file protein.cif (mmCIF, C-alpha atoms and all ligand atoms)
data_data
loop_
_atom_site.label_atom_id
_atom_site.label_comp_id
_atom_site.auth_asym_id
_atom_site.auth_seq_id
_atom_site.Cartn_x
_atom_site.Cartn_y
_atom_site.Cartn_z
CA MET K 27 71.89 93.74 110.48
CA ILE K 28 73.29 90.62 108.85
CA VAL K 29 76.93 90.45 107.74
CA ALA K 30 77.38 87.86 104.97
CA LYS K 31 80.96 86.88 104.31
CA THR K 32 80.32 84.38 101.52
CA LEU K 33 78.17 84.42 98.40
CA GLN K 34 76.03 81.62 99.75
CA GLU K 35 75.34 83.42 103.04
CA PHE K 36 74.53 86.56 101.11
CA LEU K 37 72.07 84.94 98.71
CA GLN K 38 70.24 83.36 101.59
CA ALA K 39 69.96 86.64 103.49
CA ARG K 40 68.99 88.54 100.33
CA GLU K 41 65.88 86.36 99.93
CA ALA K 42 64.45 87.83 103.12
CA LEU K 43 64.50 91.30 101.48
CA SER K 44 62.33 90.38 98.52
CA ASN K 45 59.19 92.24 99.63
CA GLY K 46 60.45 95.79 99.02
CA ASN K 47 62.84 98.09 97.15
CA VAL K 48 66.52 97.44 97.72
CA GLY K 49 69.04 100.28 97.69
CA PHE K 50 72.67 99.30 97.22
CA VAL K 51 75.84 101.13 98.27
CA PRO K 52 78.98 99.43 96.90
CA THR K 53 82.13 100.32 98.87
CA MET K 54 85.68 99.20 99.40
CA GLY K 55 85.34 99.68 103.18
CA ALA K 56 87.39 102.02 105.40
CA LEU K 57 84.08 103.81 105.72
CA HIS K 58 83.79 107.48 106.55
CA GLN K 59 80.99 110.03 106.68
CA GLY K 60 80.99 110.24 102.86
CA HIS K 61 79.93 106.60 102.60
CA ILE K 62 77.47 107.01 105.45
CA SER K 63 75.79 109.86 103.60
CA LEU K 64 75.28 107.47 100.63
CA VAL K 65 73.80 104.96 103.06
CA GLU K 66 71.51 107.65 104.48
CA HIS K 67 70.24 108.49 100.99
CA SER K 68 69.47 104.80 100.46
CA VAL K 69 67.81 104.30 103.85
CA GLU K 70 65.58 107.28 103.14
CA LYS K 71 64.59 106.18 99.64
CA CYS K 72 64.38 102.39 99.94
CA LYS K 73 62.79 99.83 102.22
CA TYR K 74 66.04 97.88 102.49
CA THR K 75 69.68 98.90 102.22
CA VAL K 76 72.51 96.58 101.24
CA VAL K 77 76.17 97.64 101.50
CA SER K 78 79.07 95.70 99.99
CA ILE K 79 82.60 95.91 101.36
CA PHE K 80 85.08 94.53 98.88
CA VAL K 81 88.54 95.83 97.97
CA ASN K 82 88.38 95.03 94.28
CA PRO K 83 91.80 93.93 93.00
CA THR K 84 90.92 94.42 89.31
CA GLN K 85 90.52 98.19 89.63
CA PHE K 86 93.97 98.81 91.14
CA ASN K 87 96.78 99.29 88.70
CA ASN K 88 99.26 99.90 91.46
CA GLN K 89 99.94 96.85 93.64
CA ASN K 90 101.24 98.98 96.50
CA ASP K 91 97.99 100.97 96.54
CA LEU K 92 96.06 97.68 96.71
CA ALA K 93 98.27 96.31 99.50
CA THR K 94 98.08 99.47 101.62
CA TYR K 95 94.37 100.17 101.07
CA PRO K 96 92.93 100.49 104.61
CA ARG K 97 90.87 97.49 105.78
CA THR K 98 88.66 98.08 108.84
CA LEU K 99 85.76 95.62 108.61
CA GLU K 100 84.73 95.62 112.27
CA ALA K 101 84.60 99.38 112.61
CA ASP K 102 82.82 99.57 109.23
CA CYS K 103 80.10 97.17 110.37
CA ALA K 104 79.59 99.08 113.62
CA LEU K 105 79.02 102.29 111.63
CA LEU K 106 76.67 100.59 109.17
CA GLU K 107 74.60 99.02 111.91
CA LYS K 108 74.04 102.46 113.48
CA SER K 109 73.01 103.85 110.10
CA GLY K 110 70.14 101.42 109.54
CA VAL K 111 71.70 99.03 107.02
CA ASP K 112 69.94 95.67 106.68
CA LEU K 113 72.55 93.52 105.01
CA VAL K 114 76.32 93.78 104.52
CA PHE K 115 78.09 91.74 101.86
CA ALA K 116 81.79 91.35 102.65
CA PRO K 117 82.85 88.60 100.25
CA GLY K 118 86.22 87.06 99.49
CA VAL K 119 87.90 87.42 96.09
CA GLU K 120 86.82 83.86 95.20
CA ASP K 121 83.14 84.81 95.64
CA ILE K 122 83.38 87.72 93.22
CA TYR K 123 85.89 86.21 90.80
CA PRO K 124 85.57 82.41 90.83
CA SER K 125 87.75 82.60 87.72
CA PRO K 126 89.72 85.56 86.30
CA ASP K 127 87.36 88.17 84.88
CA GLU K 128 88.36 88.80 81.29
CA ARG K 129 85.40 90.94 80.29
CA VAL K 130 86.22 94.17 78.46
CA PHE K 131 83.50 96.80 78.70
CA ASP K 132 82.40 99.45 76.25
CA LEU K 133 82.68 102.59 78.35
CA GLY K 134 81.46 104.85 75.55
CA GLY K 135 84.73 106.81 75.43
CA LEU K 136 83.96 108.30 78.86
CA ASP K 137 87.32 106.98 80.05
CA SER K 138 89.35 108.76 77.36
CA CYS K 139 90.61 111.51 79.71
CA GLY K 140 90.78 112.26 83.43
CA GLU K 141 91.53 109.11 85.39
CA GLY K 142 91.17 106.91 82.26
CA PRO K 143 94.62 107.25 80.67
CA ARG K 144 96.36 107.81 84.03
CA THR K 145 95.07 104.62 85.65
CA PRO K 146 94.81 102.16 82.74
CA GLY K 147 92.33 99.37 83.36
CA HIS K 148 90.82 101.07 86.41
CA PHE K 149 87.38 101.78 84.99
CA ASN K 150 87.18 98.39 83.29
CA GLY K 151 87.89 96.88 86.73
CA VAL K 152 85.15 99.06 88.27
CA ALA K 153 82.74 97.85 85.55
CA GLN K 154 83.71 94.23 86.26
CA VAL K 155 83.05 94.45 89.98
CA VAL K 156 79.98 96.68 89.81
CA THR K 157 78.23 94.48 87.22
CA ARG K 158 79.12 91.38 89.23
CA LEU K 159 77.75 93.00 92.40
CA PHE K 160 74.60 94.18 90.57
CA ASP K 161 74.04 90.59 89.37
CA ILE K 162 74.36 89.27 92.92
CA VAL K 163 72.63 92.04 94.90
CA LYS K 164 69.88 92.78 92.33
CA PRO K 165 69.04 96.24 93.70
CA GLN K 166 66.47 98.71 92.35
CA PHE K 167 68.69 101.72 93.24
CA ALA K 168 72.45 102.12 93.58
CA PHE K 169 74.16 105.11 95.22
CA PHE K 170 77.48 106.63 94.15
CA GLY K 171 79.33 109.75 95.35
CA GLN K 172 80.05 112.68 93.06
CA LYS K 173 83.60 112.78 94.45
CA ASP K 174 84.28 110.14 91.78
CA PHE K 175 82.60 112.19 89.07
CA GLN K 176 83.94 110.14 86.17
CA GLN K 177 83.09 106.85 87.89
CA VAL K 178 79.42 107.81 88.33
CA ALA K 179 79.13 108.83 84.65
CA ILE K 180 80.70 105.54 83.55
CA VAL K 181 78.51 103.47 85.89
CA LYS K 182 75.41 105.27 84.56
CA HIS K 183 76.57 104.53 81.01
CA PHE K 184 77.10 100.78 81.34
CA THR K 185 74.07 100.29 83.61
CA LYS K 186 71.89 101.75 80.86
CA LYS K 187 73.72 100.10 77.99
CA LEU K 188 73.51 96.65 79.56
CA GLY K 189 69.83 97.14 80.42
CA TYR K 190 70.11 96.62 84.17
CA GLY K 191 67.06 98.73 85.00
CA ILE K 192 68.78 100.01 88.14
CA GLU K 193 68.49 103.71 88.96
CA ILE K 194 71.92 105.21 89.64
CA VAL K 195 71.65 107.96 92.26
CA GLN K 196 74.48 110.50 92.32
CA CYS K 197 75.04 111.99 95.78
CA PRO K 198 77.01 115.19 96.59
CA THR K 199 80.65 115.12 97.74
CA LEU K 200 81.06 115.32 101.48
CA ARG K 201 83.89 117.50 102.75
CA GLU K 202 85.80 117.89 105.99
CA GLU K 203 85.25 121.23 107.76
CA ASP K 204 88.41 122.55 106.11
CA GLY K 205 87.10 121.62 102.64
CA LEU K 206 89.10 118.45 101.96
CA ALA K 207 86.90 115.92 100.14
CA LYS K 208 86.27 112.93 102.42
CA SER K 209 88.20 109.88 101.26
CA SER K 210 89.46 106.66 102.78
CA ARG K 211 92.91 107.67 101.55
CA ASN K 212 92.94 110.75 103.83
CA THR K 213 93.89 108.46 106.71
CA LEU K 214 97.14 107.66 104.89
CA LEU K 215 98.31 111.30 104.91
CA THR K 216 101.06 112.46 107.28
CA PRO K 217 100.05 115.32 109.62
CA ALA K 218 101.85 117.81 107.36
CA GLN K 219 100.14 116.46 104.25
CA ARG K 220 96.76 116.46 105.99
CA GLU K 221 97.27 120.11 106.84
CA ALA K 222 98.23 120.90 103.26
CA ALA K 223 95.50 118.89 101.51
CA PRO K 224 92.58 121.40 101.94
CA HIS K 225 94.60 123.76 99.71
CA ILE K 226 93.43 121.66 96.73
CA TYR K 227 89.75 122.53 97.19
CA GLU K 228 90.57 126.09 98.29
CA CYS K 229 92.17 126.58 94.86
CA ILE K 230 89.82 124.65 92.57
CA LYS K 231 86.66 126.17 94.04
CA THR K 232 87.81 129.53 92.63
CA ALA K 233 87.56 128.20 89.05
CA PRO K 234 84.16 129.81 88.29
CA GLU K 235 85.65 133.26 89.04
CA LEU K 236 88.44 132.69 86.52
CA MET K 237 86.07 132.36 83.55
CA ASP K 238 85.81 136.16 83.06
CA LYS K 239 89.51 136.74 83.55
CA MET K 240 91.39 134.17 81.48
CA SER K 241 91.23 131.34 78.95
CA VAL K 242 90.65 127.69 79.92
CA ALA K 243 94.34 126.87 79.39
CA GLU K 244 95.43 129.87 81.48
CA ALA K 245 93.02 128.92 84.26
CA VAL K 246 94.37 125.35 84.36
CA LYS K 247 97.95 126.66 84.51
CA HIS K 248 97.07 129.23 87.17
CA LEU K 249 95.39 126.66 89.43
CA GLN K 250 98.17 124.15 88.91
CA GLU K 251 100.78 126.73 89.95
CA ARG K 252 98.75 127.79 92.99
CA ILE K 253 98.34 124.20 94.23
CA ASN K 254 101.99 123.39 93.58
CA GLN K 255 103.05 126.39 95.67
CA ASN K 256 102.38 124.15 98.66
CA SER K 257 105.48 121.97 98.94
CA GLU K 258 103.48 118.95 100.19
CA LEU K 259 101.38 118.84 97.00
CA GLU K 260 102.08 118.10 93.36
CA VAL K 261 99.40 118.31 90.68
CA GLU K 262 99.26 115.33 88.34
CA TYR K 263 96.56 116.90 86.17
CA ILE K 264 93.78 119.46 86.16
CA GLU K 265 91.23 119.28 83.36
CA MET K 266 88.11 121.23 82.46
CA VAL K 267 85.63 118.87 80.80
CA ASP K 268 82.18 118.97 79.28
CA ALA K 269 80.10 117.54 82.15
CA SER K 270 78.09 115.30 79.83
CA THR K 271 80.65 113.99 77.30
CA LEU K 272 83.62 114.18 79.73
CA LYS K 273 85.78 115.54 76.89
CA PRO K 274 88.16 118.43 77.64
CA VAL K 275 86.94 121.88 76.61
CA GLU K 276 89.19 124.46 74.99
CA LYS K 277 86.89 127.45 75.43
CA TRP K 278 84.46 128.31 78.20
CA SER K 279 81.73 128.41 75.54
CA ASP K 280 82.46 124.86 74.34
CA ALA K 281 79.97 123.25 76.74
CA GLN K 282 76.82 124.16 78.58
CA GLU K 283 78.13 122.60 81.79
CA ILE K 284 81.79 122.36 82.68
CA GLN K 285 83.37 120.33 85.47
CA LEU K 286 86.92 120.74 86.70
CA TRP K 287 88.55 117.54 87.87
CA CYS K 288 92.03 116.94 89.18
CA ALA K 289 94.45 114.48 90.75
CA VAL K 290 97.07 115.74 93.16
CA TYR K 291 99.86 113.82 94.83
CA ALA K 292 100.69 114.09 98.52
CA ARG K 293 103.20 111.33 97.86
CA PRO K 294 102.71 108.47 97.82
CA VAL K 295 99.01 109.21 98.32
CA ARG K 296 97.03 110.39 95.30
CA LEU K 297 93.99 112.57 95.96
CA ILE K 298 91.22 113.37 93.48
CA ASP K 299 88.57 116.06 93.58
CA ASN K 300 86.20 117.92 91.26
CA VAL K 301 84.00 121.01 91.20
CA LYS K 302 81.31 122.40 88.93
CA VAL K 303 82.68 125.39 87.02
CA LYS K 304 79.46 126.28 85.20
O1 LIG H 1 84.05 103.96 94.56
C1 LIG H 1 84.46 102.89 95.05
O2 LIG H 1 84.70 102.77 96.26
C2 LIG H 1 84.70 101.69 94.15
O3 LIG H 1 85.20 102.09 92.91
C3 LIG H 1 83.47 100.81 93.98
C4 LIG H 1 82.33 101.54 93.28
C5 LIG H 1 83.00 100.33 95.34
C6 LIG H 1 83.82 99.58 93.13
O4 LIG H 1 84.82 98.80 93.74
#
call {"tool": "encode", "arguments": {"input": "protein.cif", "output": "structure tokens", "more": "lines below"}}
Ligand code: PAF
result
Amino acid sequence: MIVAKTLQEFLQAREALSNGNVGFVPTMGALHQGHISLVEHSVEKCKYTVVSIFVNPTQFNNQNDLATYPRTLEADCALLEKSGVDLVFAPGVEDIYPSPDERVFDLGGLDSCGEGPRTPGHFNGVAQVVTRLFDIVKPQFAFFGQKDFQQVAIVKHFTKKLGYGIEIVQCPTLREEDGLAKSSRNTLLTPAQREAAPHIYECIKTAPELMDKMSVAEAVKHLQERINQNSELEVEYIEMVDASTLKPVEKWSDAQEIQLWCAVYARPVRLIDNVKVK
């Protein structure tokens, strides 16, 4: 496995992978089993697998979150090597943004709710870094986790709209044994918060059962109250959205497929999760 820490090193190493399909897993490092499962999907499907490790400053709208984001490059590389990765791209900011990126992307309105209004600029920053990485890595497939449900939909949208010809593969959310969705941010939780955090999934996974019993608004309120009963947790939002347009639904019959998504604080850490309701 080659670890390229500059653009030049990367481009040189990438040339050696030109005789087969390349699968790409973009990450911000602090890798856990969730990332490794994306890597495994790529290794199975593609001749070569490239992983990027880059904490992208343009997608953080909270400077403290950016500063405290865990950085564990050596451990990450050890994990990737064991998983059969061919090439790691761990660039510096100057490699990705030689000058400030001022591009504004058309996200097709898919950022109008959920994380969109709560983290202004986040998805535009994701589009900036992902398009830049696609231009450099030139993969045939790219793998994203369903834990970031809105992110995958947005990536699919701009990949198609900009004519990249890259297949976006959506992979299932990996969970800890107690149900907590795997996330690099879990390592930032205090022991008490870590113990409390599985309560989020315990509550939201009951959403399908609520459809016969109450309205969408009542279900949202009910789940919010249940999660908030745990003193370590505080719901920022819970929304039920049409899984294809990502617009909130008012009635269960408003969409063929409904996804619940939420953000919950275990302060100062902010956890997100989602489940299919129908
Ligand atoms: O999901 C992430 O870790 C990031 O948003 C991504 C896709 C690597 C872009 O920085």
call {"tool": "residues_near_point", "arguments": {"input": "protein.cif", "point": "(78.5, 90.2, 112.1)", "cutoff": "9 Å", "atoms": "only C-alpha atoms", "output": "list in words"}}
result
Met27, Ile28, Val29, Ala30, Lys31, Glu100, Cys103 and Val114 of chain K
call {"tool": "write_last_selection", "arguments": {"input": "protein.cif", "atoms": "C-alpha atoms", "output": "compact mmCIF listing (two decimals), keeping the file's coordinate frame"}}
result
# COMPACT_ATOMS: atom_id res chain seq x y z
CA MET K 27 71.89 93.74 110.48
CA ILE K 28 73.29 90.62 108.85
CA VAL K 29 76.93 90.45 107.74
CA ALA K 30 77.38 87.86 104.97
CA LYS K 31 80.96 86.88 104.31
CA GLU K 100 84.73 95.62 112.27
CA CYS K 103 80.10 97.17 110.37
CA VAL K 114 76.32 93.78 104.52
call {"tool": "residues_near_point", "arguments": {"input": "protein.cif", "point": "(66.8, 88.9, 95.2)", "cutoff": "7 Å", "atoms": "all atoms listed in the file", "output": "ChimeraX atom specification"}}
result
/K:40-41,44,163-164
call {"tool": "closest_residue", "arguments": {"input": "protein.cif", "among": "K:Asp112, K:Glu202, K:Asp121, K:Asp238", "to": "Cys72 in chain K", "atoms": "only C-alpha atoms"}}
result
K:Asp112
call {"tool": "atom_distance", "arguments": {"input": "protein.cif", "atom1": "CA of Leu105 in chain K", "atom2": "CA of Ile194 in chain K"}}
result
23.3 Å
call {"tool": "residues_around", "arguments": {"input": "protein.cif", "residues": "Glu221 in chain K", "least_positions_apart": "4", "cutoff": "12 Å", "atoms": "all atoms listed in the file", "output": "list in words"}}
result
Glu202, Asp204, Gly205, Leu206, Asn212, Leu215, Thr216, Pro217, His225, Ile226, Asn256, Ser257, Glu258, Leu259 and Ala292 of chain K
call {"tool": "residues_near_ligand", "arguments": {"input": "protein.cif", "ligand": "ligand LIG 1 (chain H)", "cutoff": "7 Å", "atoms": "all atoms listed in the file", "output": "list in words"}}
result
Pro52, Thr53, Met54, Phe80, Val81, Asn82, Val152, Val155, Val156 and Asp174 of chain K
call {"tool": "residues_around", "arguments": {"input": "protein.cif", "residues": "Lys182 in chain K", "least_positions_apart": "2", "cutoff": "12 Å", "atoms": "all atoms listed in the file", "output": "VMD selection string"}}
result
chain K and resid 133 to 134 136 153 156 to 157 167 to 170 175 to 180 184 to 196 270
call {"tool": "write_last_selection", "arguments": {"input": "protein.cif", "atoms": "C-alpha atoms", "output": "PDB file, keeping the file's coordinate frame"}}
result
ATOM      1  CA  LEU K 133      82.680 102.590  78.350  1.00  0.00           C
ATOM      2  CA  GLY K 134      81.460 104.850  75.550  1.00  0.00           C
ATOM      3  CA  LEU K 136      83.960 108.300  78.860  1.00  0.00           C
ATOM      4  CA  ALA K 153      82.740  97.850  85.550  1.00  0.00           C
ATOM      5  CA  VAL K 156      79.980  96.680  89.810  1.00  0.00           C
ATOM      6  CA  THR K 157      78.230  94.480  87.220  1.00  0.00           C
ATOM      7  CA  PHE K 167      68.690 101.720  93.240  1.00  0.00           C
ATOM      8  CA  ALA K 168      72.450 102.120  93.580  1.00  0.00           C
ATOM      9  CA  PHE K 169      74.160 105.110  95.220  1.00  0.00           C
ATOM     10  CA  PHE K 170      77.480 106.630  94.150  1.00  0.00           C
ATOM     11  CA  PHE K 175      82.600 112.190  89.070  1.00  0.00           C
ATOM     12  CA  GLN K 176      83.940 110.140  86.170  1.00  0.00           C
ATOM     13  CA  GLN K 177      83.090 106.850  87.890  1.00  0.00           C
ATOM     14  CA  VAL K 178      79.420 107.810  88.330  1.00  0.00           C
ATOM     15  CA  ALA K 179      79.130 108.830  84.650  1.00  0.00           C
ATOM     16  CA  ILE K 180      80.700 105.540  83.550  1.00  0.00           C
ATOM     17  CA  PHE K 184      77.100 100.780  81.340  1.00  0.00           C
ATOM     18  CA  THR K 185      74.070 100.290  83.610  1.00  0.00           C
ATOM     19  CA  LYS K 186      71.890 101.750  80.860  1.00  0.00           C
ATOM     20  CA  LYS K 187      73.720 100.100  77.990  1.00  0.00           C
ATOM     21  CA  LEU K 188      73.510  96.650  79.560  1.00  0.00           C
ATOM     22  CA  GLY K 189      69.830  97.140  80.420  1.00  0.00           C
ATOM     23  CA  TYR K 190      70.110  96.620  84.170  1.00  0.00           C
ATOM     24  CA  GLY K 191      67.060  98.730  85.000  1.00  0.00           C
ATOM     25  CA  ILE K 192      68.780 100.010  88.140  1.00  0.00           C
ATOM     26  CA  GLU K 193      68.490 103.710  88.960  1.00  0.00           C
ATOM     27  CA  ILE K 194      71.920 105.210  89.640  1.00  0.00           C
ATOM     28  CA  VAL K 195      71.650 107.960  92.260  1.00  0.00           C
ATOM     29  CA  GLN K 196      74.480 110.500  92.320  1.00  0.00           C
ATOM     30  CA  SER K 270      78.090 115.300  79.830  1.00  0.00           C
TER      31      SER K 270
END
call {"tool": "closest_residue", "arguments": {"input": "protein.cif", "among": "K:Val69, K:Leu236, K:Thr199, K:Tyr291", "to": "Asn254 in chain K", "atoms": "all atoms listed in the file"}}
result
K:Tyr291
call {"tool": "atom_distance", "arguments": {"input": "protein.cif", "atom1": "CA of Ile230 in chain K", "atom2": "CA of His61 in chain K"}}
result
22.9 Å
call {"tool": "atom_distance", "arguments": {"input": "protein.cif", "atom1": "CA of Glu283 in chain K", "atom2": "CA of Val267 in chain K"}}
result
8.4 Å
call {"tool": "residues_around", "arguments": {"input": "protein.cif", "residues": "Leu286 in chain K", "least_positions_apart": "3", "cutoff": "6 Å", "atoms": "all atoms listed in the file", "output": "mmCIF file with C-alpha atoms, in the coordinates of the input"}}
result
data_model
loop_
_atom_site.group_PDB
_atom_site.id
_atom_site.type_symbol
_atom_site.label_atom_id
_atom_site.label_comp_id
_atom_site.auth_asym_id
_atom_site.auth_seq_id
_atom_site.Cartn_x
_atom_site.Cartn_y
_atom_site.Cartn_z
ATOM 1 C CA GLU K 265 91.230 119.280 83.360
ATOM 2 C CA MET K 266 88.110 121.230 82.460
ATOM 3 C CA ASN K 300 86.200 117.920 91.260
ATOM 4 C CA VAL K 301 84.000 121.010 91.200
#
call {"tool": "closest_residue", "arguments": {"input": "protein.cif", "among": "K:Val111, K:Ile79, K:Val275, K:Ile162", "to": "Ser241 in chain K", "atoms": "only C-alpha atoms"}}
result
K:Val275
call {"tool": "residues_around", "arguments": {"input": "protein.cif", "residues": "range 92-96 of chain K", "least_positions_apart": "6", "cutoff": "10 Å", "atoms": "all atoms listed in the file", "output": "list of chain:residue names"}}
result
K:Met54, K:Gly55, K:Ala56, K:Leu57, K:Val81, K:Asn82, K:Pro83, K:Thr84, K:Gln85, K:Phe86, K:Ser210, K:Arg211, K:Thr213, K:Leu214
call {"tool": "closest_residue", "arguments": {"input": "protein.cif", "among": "K:Ser125, K:Thr75, K:Ser68, K:Gln219", "to": "Arg296 in chain K", "atoms": "all atoms listed in the file"}}
result
K:Gln219
